[in-house]
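Asker: Sharing structure_31.json (JSON, C-alpha atoms) below.
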[["chain", "number", "residue", "atom", "x", "y", "z"],
["D", 1, "MET", "CA", -5.33, 52.49, -14.87],
["D", 2, "LEU", "CA", -4.60, 50.89, -11.50],
["D", 3, "THR", "CA", -2.95, 52.15, -8.34],
["D", 4, "ALA", "CA", 0.30, 50.82, -6.91],
["D", 5, "HIS", "CA", 2.08, 51.82, -3.74],
["D", 6, "ASP", "CA", 5.30, 49.79, -3.60],
["D", 7, "TYR", "CA", 7.66, 47.64, -5.65],
["D", 8, "PRO", "CA", 5.61, 44.38, -5.59],
["D", 9, "SER", "CA", 2.29, 46.08, -6.37],
["D", 10, "ALA", "CA", 3.94, 47.99, -9.24],
["D", 11, "GLN", "CA", 5.45, 44.80, -10.65],
["D", 12, "ALA", "CA", 2.08, 43.05, -10.48],
["D", 13, "ALA", "CA", 0.28, 45.85, -12.31],
["D", 14, "ASP", "CA", 3.01, 46.17, -14.91],
["D", 15, "ASP", "CA", 3.22, 42.41, -15.53],
["D", 16, "ALA", "CA", -0.57, 42.29, -15.93],
["D", 17, "GLY", "CA", -0.34, 44.82, -18.76],
["D", 18, "VAL", "CA", -1.92, 47.80, -16.99],
["D", 19, "ASP", "CA", -1.42, 50.86, -19.23],
["D", 20, "VAL", "CA", -1.25, 53.54, -16.53],
["D", 21, "VAL", "CA", -0.08, 53.03, -12.95],
["D", 22, "LEU", "CA", -1.21, 55.68, -10.48],
["D", 23, "VAL", "CA", 0.66, 56.19, -7.24],
["D", 24, "GLY", "CA", -2.52, 57.37, -5.58],
["D", 25, "ASP", "CA", -2.74, 59.15, -2.26],
["D", 26, "SER", "CA", -5.23, 56.43, -1.29],
["D", 27, "LEU", "CA", -2.08, 54.63, -0.13],
["D", 28, "ALA", "CA", -2.34, 56.84, 2.95],
["D", 29, "MET", "CA", -5.21, 54.62, 4.09],
["D", 30, "VAL", "CA", -4.63, 51.28, 2.37],
["D", 31, "ALA", "CA", -0.85, 51.09, 2.86],
["D", 32, "CYS", "CA", 0.05, 53.49, 5.70],
["D", 33, "GLY", "CA", -2.97, 53.16, 8.00],
["D", 34, "TYR", "CA", -3.98, 56.82, 8.08],
["D", 35, "ASP", "CA", -7.66, 57.68, 8.54],
["D", 36, "ASP", "CA", -7.77, 59.74, 5.35],
["D", 37, "THR", "CA", -5.59, 60.96, 2.50],
["D", 38, "THR", "CA", -4.89, 64.42, 3.93],
["D", 39, "SER", "CA", -2.34, 63.13, 6.45],
["D", 40, "LEU", "CA", 0.15, 62.05, 3.79],
["D", 41, "GLY", "CA", 3.19, 64.29, 3.29],
["D", 42, "MET", "CA", 5.32, 64.99, 0.22],
["D", 43, "ASP", "CA", 8.36, 63.04, 1.40],
["D", 44, "GLU", "CA", 6.23, 59.98, 2.19],
["D", 45, "MET", "CA", 4.55, 60.18, -1.19],
["D", 46, "LEU", "CA", 7.84, 60.52, -3.06],
["D", 47, "TYR", "CA", 9.20, 57.46, -1.21],
["D", 48, "HIS", "CA", 6.31, 55.40, -2.57],
["D", 49, "CYS", "CA", 6.70, 56.91, -6.04],
["D", 50, "GLN", "CA", 10.34, 55.84, -6.12],
["D", 51, "ALA", "CA", 9.45, 52.27, -5.13],
["D", 52, "VAL", "CA", 6.74, 52.07, -7.80],
["D", 53, "LYS", "CA", 9.12, 53.47, -10.40],
["D", 54, "ARG", "CA", 11.61, 50.67, -9.65],
["D", 55, "GLY", "CA", 8.89, 48.06, -10.10],
["D", 56, "THR", "CA", 7.58, 49.39, -13.41],
["D", 57, "LYS", "CA", 9.05, 48.87, -16.87],
["D", 58, "LYS", "CA", 6.24, 49.59, -19.34],
["D", 59, "ALA", "CA", 3.32, 51.40, -17.72],
["D", 60, "PHE", "CA", 2.90, 55.19, -17.78],
["D", 61, "LEU", "CA", 3.38, 56.56, -14.26],
["D", 62, "VAL", "CA", 1.18, 59.18, -12.60],
["D", 63, "GLY", "CA", 1.73, 60.57, -9.10],
["D", 64, "ASP", "CA", -0.99, 62.06, -6.92],
["D", 65, "MET", "CA", -0.02, 65.49, -5.63],
["D", 66, "VAL", "CA", -0.76, 65.34, -1.90],
["D", 67, "PHE", "CA", -3.06, 67.65, 0.01],
["D", 68, "GLY", "CA", -1.41, 71.02, 0.56],
["D", 69, "SER", "CA", 1.24, 70.58, -2.13],
["D", 70, "TYR", "CA", -0.52, 72.58, -4.87],
["D", 71, "GLU", "CA", -3.19, 74.75, -3.25],
["D", 72, "VAL", "CA", -1.09, 77.43, -1.55],
["D", 73, "SER", "CA", 0.34, 79.01, -4.71],
["D", 74, "LYS", "CA", 1.11, 78.23, -8.32],
["D", 75, "LYS", "CA", 4.79, 78.55, -7.48],
["D", 76, "ASP", "CA", 4.55, 75.87, -4.80],
["D", 77, "ALA", "CA", 2.51, 73.66, -7.11],
["D", 78, "LEU", "CA", 5.13, 73.89, -9.85],
["D", 79, "ARG", "CA", 8.00, 73.24, -7.43],
["D", 80, "ASN", "CA", 6.28, 70.16, -6.03],
["D", 81, "ALA", "CA", 5.31, 68.92, -9.49],
["D", 82, "PHE", "CA", 8.98, 69.05, -10.44],
["D", 83, "ARG", "CA", 9.78, 66.93, -7.37],
["D", 84, "PHE", "CA", 7.36, 64.24, -8.55],
["D", 85, "ILE", "CA", 9.17, 64.10, -11.88],
["D", 86, "GLN", "CA", 12.78, 64.54, -10.76],
["D", 87, "GLU", "CA", 12.73, 62.70, -7.41],
["D", 88, "GLY", "CA", 9.73, 60.41, -7.74],
["D", 89, "GLY", "CA", 10.32, 59.26, -11.31],
["D", 90, "MET", "CA", 6.75, 60.02, -12.37],
["D", 91, "GLU", "CA", 5.71, 60.97, -15.90],
["D", 92, "ALA", "CA", 2.66, 62.99, -14.88],
["D", 93, "VAL", "CA", 1.04, 64.46, -11.78],
["D", 94, "LYS", "CA", -2.63, 64.39, -10.75],
["D", 95, "LEU", "CA", -4.46, 67.25, -9.03],
["D", 96, "GLU", "CA", -7.90, 67.17, -7.42],
["D", 97, "GLY", "CA", -10.16, 70.12, -8.16],
["D", 98, "GLY", "CA", -12.16, 72.03, -10.71],
["D", 99, "ARG", "CA", -11.87, 75.20, -12.72],
["D", 100, "TYR", "CA", -10.40, 77.16, -9.82],
["D", 101, "LEU", "CA", -7.21, 75.12, -10.47],
["D", 102, "ALA", "CA", -7.07, 75.98, -14.17],
["D", 103, "ASP", "CA", -4.31, 78.57, -13.77],
["D", 104, "THR", "CA", -2.27, 76.14, -11.67],
["D", 105, "VAL", "CA", -2.65, 73.45, -14.32],
["D", 106, "LYS", "CA", -1.56, 75.91, -17.00],
["D", 107, "ARG", "CA", 1.53, 76.85, -15.01],
["D", 108, "ILE", "CA", 2.55, 73.20, -14.60],
["D", 109, "THR", "CA", 1.83, 72.11, -18.18],
["D", 110, "ARG", "CA", 3.67, 75.10, -19.63],
["D", 111, "ALA", "CA", 6.72, 73.88, -17.75],
["D", 112, "GLY", "CA", 6.50, 70.63, -19.71],
["D", 113, "ILE", "CA", 4.88, 68.45, -17.05],
["D", 114, "ASN", "CA", 1.88, 66.28, -17.89],
["D", 115, "VAL", "CA", -1.17, 66.87, -15.68],
["D", 116, "VAL", "CA", -4.13, 64.58, -14.97],
["D", 117, "GLY", "CA", -7.25, 66.28, -13.62],
["D", 118, "HIS", "CA", -9.71, 64.90, -11.08],
["D", 119, "VAL", "CA", -13.32, 66.07, -10.70],
["D", 120, "GLY", "CA", -16.49, 64.85, -9.03],
["D", 121, "LEU", "CA", -15.82, 63.43, -5.59],
["D", 122, "LEU", "CA", -12.56, 64.87, -4.28],
["D", 123, "PRO", "CA", -11.26, 62.61, -1.47],
["D", 124, "GLN", "CA", -8.77, 65.23, -0.26],
["D", 125, "ARG", "CA", -11.73, 67.54, 0.43],
["D", 126, "GLN", "CA", -14.18, 64.97, 1.75],
["D", 127, "ALA", "CA", -14.28, 66.59, 5.19],
["D", 128, "SER", "CA", -15.56, 69.86, 3.71],
["D", 129, "ILE", "CA", -18.27, 68.19, 1.60],
["D", 130, "GLY", "CA", -19.67, 65.92, 4.30],
["D", 131, "GLY", "CA", -17.82, 62.71, 3.53],
["D", 132, "PHE", "CA", -17.46, 60.35, 0.61],
["D", 133, "LYS", "CA", -20.71, 61.16, -1.17],
["D", 134, "VAL", "CA", -21.88, 60.72, -4.76],
["D", 135, "GLN", "CA", -21.58, 63.93, -6.78],
["D", 136, "GLY", "CA", -23.57, 65.25, -9.75],
["D", 137, "LYS", "CA", -26.95, 63.86, -8.72],
["D", 138, "THR", "CA", -28.83, 66.94, -9.88],
["D", 139, "ALA", "CA", -28.73, 68.60, -13.32],
["D", 140, "ALA", "CA", -27.04, 71.68, -11.85],
["D", 141, "GLN", "CA", -24.41, 69.63, -10.02],
["D", 142, "ALA", "CA", -23.71, 67.49, -13.09],
["D", 143, "ASN", "CA", -23.30, 70.59, -15.26],
["D", 144, "ASP", "CA", -20.94, 72.09, -12.67],
["D", 145, "ILE", "CA", -18.72, 69.01, -12.90],
["D", 146, "LEU", "CA", -18.81, 69.23, -16.70],
["D", 147, "GLN", "CA", -17.72, 72.87, -16.59],
["D", 148, "ASP", "CA", -14.86, 71.90, -14.28],
["D", 149, "ALA", "CA", -13.76, 69.19, -16.70],
["D", 150, "LEU", "CA", -13.94, 71.52, -19.70],
["D", 151, "ALA", "CA", -11.88, 74.14, -17.89],
["D", 152, "LEU", "CA", -9.22, 71.59, -16.96],
["D", 153, "GLN", "CA", -9.11, 70.35, -20.55],
["D", 154, "GLU", "CA", -8.64, 73.91, -21.77],
["D", 155, "ALA", "CA", -5.90, 74.42, -19.18],
["D", 156, "GLY", "CA", -3.92, 71.52, -20.64],
["D", 157, "CYS", "CA", -4.84, 68.33, -18.76],
["D", 158, "MET", "CA", -4.00, 65.18, -20.69],
["D", 159, "MET", "CA", -6.82, 63.18, -19.11],
["D", 160, "ILE", "CA", -9.34, 63.58, -16.29],
["D", 161, "VAL", "CA", -10.46, 61.23, -13.53],
["D", 162, "LEU", "CA", -14.22, 61.25, -12.92],
["D", 163, "GLU", "CA", -15.10, 59.98, -9.44],
["D", 164, "ALA", "CA", -18.37, 58.91, -7.81],
["D", 165, "MET", "CA", -21.13, 60.19, -10.05],
["D", 166, "PRO", "CA", -24.13, 58.64, -11.85],
["D", 167, "ALA", "CA", -23.04, 56.54, -14.82],
["D", 168, "GLU", "CA", -25.08, 58.69, -17.21],
["D", 169, "VAL", "CA", -23.25, 61.81, -16.04],
["D", 170, "GLY", "CA", -19.87, 60.14, -16.51],
["D", 171, "GLY", "CA", -20.81, 59.11, -20.02],
["D", 172, "ILE", "CA", -22.10, 62.53, -21.04],
["D", 173, "ILE", "CA", -19.05, 64.33, -19.66],
["D", 174, "THR", "CA", -16.81, 61.91, -21.55],
["D", 175, "SER", "CA", -18.70, 62.62, -24.77],
["D", 176, "LYS", "CA", -18.20, 66.36, -24.30],
["D", 177, "LEU", "CA", -14.44, 66.14, -23.84],
["D", 178, "GLU", "CA", -11.68, 65.66, -26.39],
["D", 179, "ILE", "CA", -9.32, 64.08, -23.86],
["D", 180, "PRO", "CA", -9.74, 60.66, -22.20],
["D", 181, "THR", "CA", -11.64, 60.22, -18.96],
["D", 182, "ILE", "CA", -10.82, 57.63, -16.31],
["D", 183, "GLY", "CA", -13.77, 56.54, -14.25],
["D", 184, "ILE", "CA", -13.83, 55.44, -10.64],
["D", 185, "GLY", "CA", -17.46, 54.96, -9.78],
["D", 186, "ALA", "CA", -18.50, 56.94, -12.86],
["D", 187, "GLY", "CA", -19.86, 54.15, -15.05],
["D", 188, "PRO", "CA", -18.76, 52.24, -18.15],
["D", 189, "GLY", "CA", -19.09, 55.24, -20.47],
["D", 190, "CYS", "CA", -15.70, 56.62, -19.43],
["D", 191, "SER", "CA", -12.66, 56.12, -21.66],
["D", 192, "GLY", "CA", -10.98, 53.94, -19.02],
["D", 193, "GLN", "CA", -11.31, 52.82, -15.43],
["D", 194, "VAL", "CA", -9.20, 52.98, -12.28],
["D", 195, "LEU", "CA", -9.41, 51.11, -8.97],
["D", 196, "VAL", "CA", -7.27, 51.01, -5.87],
["D", 197, "GLN", "CA", -5.25, 47.80, -6.12],
["D", 198, "ASN", "CA", -5.67, 46.86, -2.46],
["D", 199, "ASP", "CA", -9.45, 47.27, -2.83],
["D", 200, "LEU", "CA", -9.81, 45.00, -5.86],
["D", 201, "LEU", "CA", -7.52, 42.39, -4.26],
["D", 202, "GLY", "CA", -9.42, 42.44, -0.98],
["D", 203, "VAL", "CA", -6.36, 43.49, 1.02],
["D", 204, "PHE", "CA", -7.87, 46.61, 2.61],
["D", 205, "ASP", "CA", -10.75, 45.41, 4.76],
["D", 206, "LYS", "CA", -11.93, 48.53, 6.61],
["D", 207, "PHE", "CA", -14.51, 49.26, 3.90],
["D", 208, "THR", "CA", -15.15, 48.50, 0.24],
["D", 209, "PRO", "CA", -16.54, 51.28, -1.97],
["D", 210, "LYS", "CA", -19.76, 50.51, -3.82],
["D", 211, "PHE", "CA", -18.04, 51.00, -7.17],
["D", 212, "CYS", "CA", -15.29, 48.47, -6.42],
["D", 213, "LYS", "CA", -15.40, 44.86, -7.58],
["D", 214, "GLN", "CA", -13.27, 42.56, -5.43],
["D", 215, "TYR", "CA", -11.45, 40.04, -7.60],
["D", 216, "GLU", "CA", -9.70, 38.36, -4.66],
["D", 217, "ASN", "CA", -9.82, 38.08, -0.88],
["D", 218, "LEU", "CA", -6.13, 38.35, -0.12],
["D", 219, "ALA", "CA", -6.68, 39.67, 3.41],
["D", 220, "GLY", "CA", -8.39, 36.42, 4.39],
["D", 221, "ARG", "CA", -5.96, 34.21, 2.50],
["D", 222, "THR", "CA", -2.97, 36.06, 3.94],
["D", 223, "THR", "CA", -4.22, 35.73, 7.51],
["D", 224, "THR", "CA", -4.86, 32.02, 6.97],
["D", 225, "ALA", "CA", -1.35, 31.47, 5.62],
["D", 226, "ILE", "CA", 0.29, 33.41, 8.45],
["D", 227, "ARG", "CA", -1.77, 31.54, 11.05],
["D", 228, "GLN", "CA", -0.64, 28.22, 9.53],
["D", 229, "TYR", "CA", 3.01, 29.38, 9.68],
["D", 230, "HIS", "CA", 2.56, 30.46, 13.31],
["D", 231, "ASP", "CA", 1.04, 27.09, 14.27],
["D", 232, "GLU", "CA", 3.71, 25.07, 12.44],
["D", 233, "VAL", "CA", 6.57, 26.95, 14.10],
["D", 234, "ARG", "CA", 5.04, 26.38, 17.54],
["D", 235, "SER", "CA", 4.45, 22.69, 16.84],
["D", 236, "GLY", "CA", 7.87, 22.10, 15.29],
["D", 237, "VAL", "CA", 6.52, 21.16, 11.87],
["D", 238, "PHE", "CA", 8.42, 24.07, 10.28],
["D", 239, "PRO", "CA", 11.24, 24.18, 9.34],
["D", 240, "LYS", "CA", 11.45, 20.56, 8.16],
["D", 241, "PRO", "CA", 14.99, 19.10, 8.19],
["D", 242, "GLY", "CA", 16.27, 18.39, 4.70],
["D", 243, "GLN", "CA", 13.51, 20.40, 3.03],
["D", 244, "HIS", "CA", 13.97, 23.83, 4.59],
["D", 245, "THR", "CA", 17.53, 23.45, 5.91],
["D", 246, "TYR", "CA", 21.07, 23.48, 4.46],
["D", 247, "PRO", "CA", 23.34, 20.38, 4.62],
["D", 248, "MET", "CA", 26.83, 20.29, 6.13],
["D", 249, "ASP", "CA", 29.64, 17.87, 5.43],
["D", 250, "GLU", "CA", 29.49, 15.21, 8.14],
["D", 251, "GLU", "CA", 33.23, 15.35, 8.86],
["D", 252, "GLN", "CA", 33.10, 19.14, 9.22],
["D", 253, "LEU", "CA", 30.08, 18.83, 11.49],
["D", 254, "GLU", "CA", 31.92, 16.40, 13.80],
["D", 255, "GLN", "CA", 34.92, 18.70, 13.85],
["D", 256, "PHE", "CA", 32.70, 21.65, 14.79],
["D", 257, "LYS", "CA", 31.12, 19.63, 17.60],
["D", 258, "ARG", "CA", 34.55, 18.82, 19.01],
["D", 259, "LEU", "CA", 35.53, 22.49, 18.83],
["D", 260, "VAL", "CA", 32.54, 23.49, 20.97],
["D", 261, "GLY", "CA", 32.80, 20.56, 23.36],
["D", 262, "LEU", "CA", 29.89, 18.45, 22.22]]
Mind turning the file's structure into structure tokens?

Answerer:
Amino acid sequence: MLTAHDYPSAQAADDAGVDVVLVGDSLAMVACGYDDTTSLGMDEMLYHCQAVKRGTKKAFLVGDMVFGSYEVSKKDALRNAFRFIQEGGMEAVKLEGGRYLADTVKRITRAGINVVGHVGLLPQRQASIGGFKVQGKTAAQANDILQDALALQEAGCMMIVLEAMPAEVGGIITSKLEIPTIGIGAGPGCSGQVLVQNDLLGVFDKFTPKFCKQYENLAGRTTTAIRQYHDEVRSGVFPKPGQHTYPMDEEQLEQFKRLVGL
């Protein structure tokens, strides 16, 4: 699994053979410049879902339900889940939270919509838990996360994201479930992994999570390329006649010059 937030990022993930593309609400920070994920609205999220849908041919598509779109009531959650499918072109929705969301998950899945769960660190609730902190570091905390995952499985989730927990905890929870787990900072024992595309490509440079491996430094390379373009325009090197320009018939050019008094 890998995130995508627009047409080019979706194409890249799809062409690379990624099985599941997640339109994650992390795009609030890495693509829209918000300070956190809670500022993103439904209409903004659906706009990005639509762009990702157009860029994807093979991958299974999951959309993150934004903060406030599923907590108020099960009725609201179902209505907004339908919007992700009908307007956003998604094939599943993802909700952050534990067993207290079990009834909401049941309501959505009974309507025929696939649901992906998300336990452990919940970025949409980071303000209430003191920031982006590792979860499940004690036996009691780890068991609490396991109980959340089991409840979500029972409610009908097709898979569950495990975020920011000791690798051993991620592996044990995976072994206790019958559905796949997708780890993000939860160790290699999960069924699969997910990263934010702009993090692994080195595009988002405000911070890099400990669990993220950067495979590229596109922020640096992009700035270098743009600076070279800027310098070449100022110096007259670009555009180069004949290489970056279109030709015109010489007779027509002379006629045009006469028409404008040159």

Asker: Name all residues at most 10 Å from Leu95 of chain D (count only C-alpha atoms; drop same-chain ones fewer than 6 positions away) and give them as a list in words.

Answerer: Gly63, Asp64, Met65, Val66, Phe67, Ser69, Tyr70, Glu71, Ala77, Ala81, Leu101, Thr104, Val105, Val115, Val116, Gly117, His118, Val119, Leu122, Gln124, Cys157, Ile160 and Val161 of chain D

Asker: Take the residues just selected and output them with C-alpha atoms as a PDB file, keeping the file's coordinate frame.

Answerer:
ATOM      1  CA  GLY D  63       1.730  60.570  -9.100  1.00  0.00           C
ATOM      2  CA  ASP D  64      -0.990  62.060  -6.920  1.00  0.00           C
ATOM      3  CA  MET D  65      -0.020  65.490  -5.630  1.00  0.00           C
ATOM      4  CA  VAL D  66      -0.760  65.340  -1.900  1.00  0.00           C
ATOM      5  CA  PHE D  67      -3.060  67.650   0.010  1.00  0.00           C
ATOM      6  CA  SER D  69       1.240  70.580  -2.130  1.00  0.00           C
ATOM      7  CA  TYR D  70      -0.520  72.580  -4.870  1.00  0.00           C
ATOM      8  CA  GLU D  71      -3.190  74.750  -3.250  1.00  0.00           C
ATOM      9  CA  ALA D  77       2.510  73.660  -7.110  1.00  0.00           C
ATOM     10  CA  ALA D  81       5.310  68.920  -9.490  1.00  0.00           C
ATOM     11  CA  LEU D 101      -7.210  75.120 -10.470  1.00  0.00           C
ATOM     12  CA  THR D 104      -2.270  76.140 -11.670  1.00  0.00           C
ATOM     13  CA  VAL D 105      -2.650  73.450 -14.320  1.00  0.00           C
ATOM     14  CA  VAL D 115      -1.170  66.870 -15.680  1.00  0.00           C
ATOM     15  CA  VAL D 116      -4.130  64.580 -14.970  1.00  0.00           C
ATOM     16  CA  GLY D 117      -7.250  66.280 -13.620  1.00  0.00           C
ATOM     17  CA  HIS D 118      -9.710  64.900 -11.080  1.00  0.00           C
ATOM     18  CA  VAL D 119     -13.320  66.070 -10.700  1.00  0.00           C
ATOM     19  CA  LEU D 122     -12.560  64.870  -4.280  1.00  0.00           C
ATOM     20  CA  GLN D 124      -8.770  65.230  -0.260  1.00  0.00           C
ATOM     21  CA  CYS D 157      -4.840  68.330 -18.760  1.00  0.00           C
ATOM     22  CA  ILE D 160      -9.340  63.580 -16.290  1.00  0.00           C
ATOM     23  CA  VAL D 161     -10.460  61.230 -13.530  1.00  0.00           C
TER      24      VAL D 161
END

Asker: What is the atom CA of Arg227 of chain D-atom CA of His244 of chain D distance in Å, reported with one decimal?

Answerer: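 Going from atom CA of Arg227 of chain D over to atom CA of His244 of chain D covers 18.7 Å.
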
Asker: Output as a tab-separated table one row per residue of segment 26-118 of chain D within 6 Å of segment 135-153 of chain D: the closest atom pair and its distance in Å to one decimal place, counting all atoms listed in the file, sorted by chain and residue number ascending.

Answerer:
residue	atom	partner	partner_atom	distance
D:Gly98	CA	D:Asp148	CA	4.5
D:Arg99	CA	D:Asp148	CA	4.7
D:Ala102	CA	D:Leu152	CA	5.6

Asker: Include C-alpha atoms and write out the residues we just selected as a CSV table (one decimal), keeping the file's coordinate frame.

Answerer:
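Contents of selection10.csv, as written:
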chain,number,residue,atom,x,y,z
D,98,GLY,CA,-12.2,72.0,-10.7
D,99,ARG,CA,-11.9,75.2,-12.7
D,102,ALA,CA,-7.1,76.0,-14.2

Asker: Give me, as a VMD selection string, all polymer residues having an atom no more than 9 Å from Cys49 of chain D, counting only C-alpha atoms and skipping those fewer than 6 positions away in the same chain.

Answerer: chain D and resid 4 to 6 23 61 to 63 84 87 to 90

Asker: Sorted by chain and rising residue number, which residues of segment 11-54 of chain D lie within 8 Å of segment 188-208 of chain D, and what are their closest atom pairs and distances in Å to one decimal, counting all atoms listed in the file, as JSON lines?

Answerer:
{"residue": "D:Gly24", "atom": "CA", "partner": "D:Val196", "partner_atom": "CA", "distance": 7.9}
{"residue": "D:Ser26", "atom": "CA", "partner": "D:Val196", "partner_atom": "CA", "distance": 7.4}
{"residue": "D:Val30", "atom": "CA", "partner": "D:Phe204", "partner_atom": "CA", "distance": 5.7}

Asker: Can you pull out every residue within 12 Å of Gly68 of chain D, counting only C-alpha atoms, but drop anything in the same chain fewer than 4 positions away, and send it as a PyMOL selection string?

Answerer: chain D and resi 37-42+64+72-74+76-77+80+95-96+124-125

Asker: Between atom CA of Thr3 of chain D and atom CA of Met29 of chain D, what is the distance in Å, rounded to a tenth?

Answerer: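 Atom-to-atom, atom CA of Thr3 of chain D to atom CA of Met29 of chain D, that is 12.9 Å.
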
Asker: With distances taken over all atoms listed in the file, which residue among D:Ala92, D:Ile113, D:Val52, D:Ile173 lies nearest Ala12 of chain D?

Answerer: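 That would be D:Val52, the residue with the smallest distance to Ala12 of chain D.
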
Asker: Looking at only C-alpha atoms, which of D:Asn114, D:Leu259, D:Lys106, D:Gly170 is the one that sits closest to Lys94 of chain D?

Answerer: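 Of the candidates, the smallest distance to Lys94 of chain D is held by D:Asn114.
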
Asker: Pick the closest to Asp43 of chain D from D:Lys57, D:Val20, D:Arg83, D:Pro247: which is it, counting only C-alpha atoms?

Answerer: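 Among D:Lys57, D:Val20, D:Arg83, D:Pro247, it is D:Arg83 that comes nearest to Asp43 of chain D.
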
Asker: To one decimal place in Å, what is the distance between atom CA of Leu218 of chain D and atom CA of Ile184 of chain D?

Answerer: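 Computed distance, atom CA of Leu218 of chain D to atom CA of Ile184 of chain D, equals 21.5 Å.
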
Asker: Between D:Ala28, D:Ile108, D:Leu177, D:Ile182, which is the closest to Lys75 of chain D once you count all atoms listed in the file?

Answerer: D:Ile108

Asker: Could you tell me which of D:Leu121, D:Ile85, D:Ala59, D:Ala164 comes closest to Val18 of chain D if we count all atoms listed in the file?

Answerer: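 Of the candidates, the smallest distance to Val18 of chain D is held by D:Ala59.
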
Asker: Can you report as lines of an AutoDock Vina configuration file the centre and edge lengths in Å, to one decimal, of an axis-aligned box around the listed atoms of segment 122-125 of chain D padded with 5 Å on each side?

Answerer:
center_x = -10.7
center_y = 65.1
center_z = -1.9
size_x = 13.8
size_y = 14.9
size_z = 14.7

Asker: Taking all atoms listed in the file into account, name the residue in D:Glu232, D:Asp35, D:Glu178, D:Glu163 that is nearest to Gly120 of chain D.

Answerer: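 Selected residue with least distance to Gly120 of chain D: D:Glu163.
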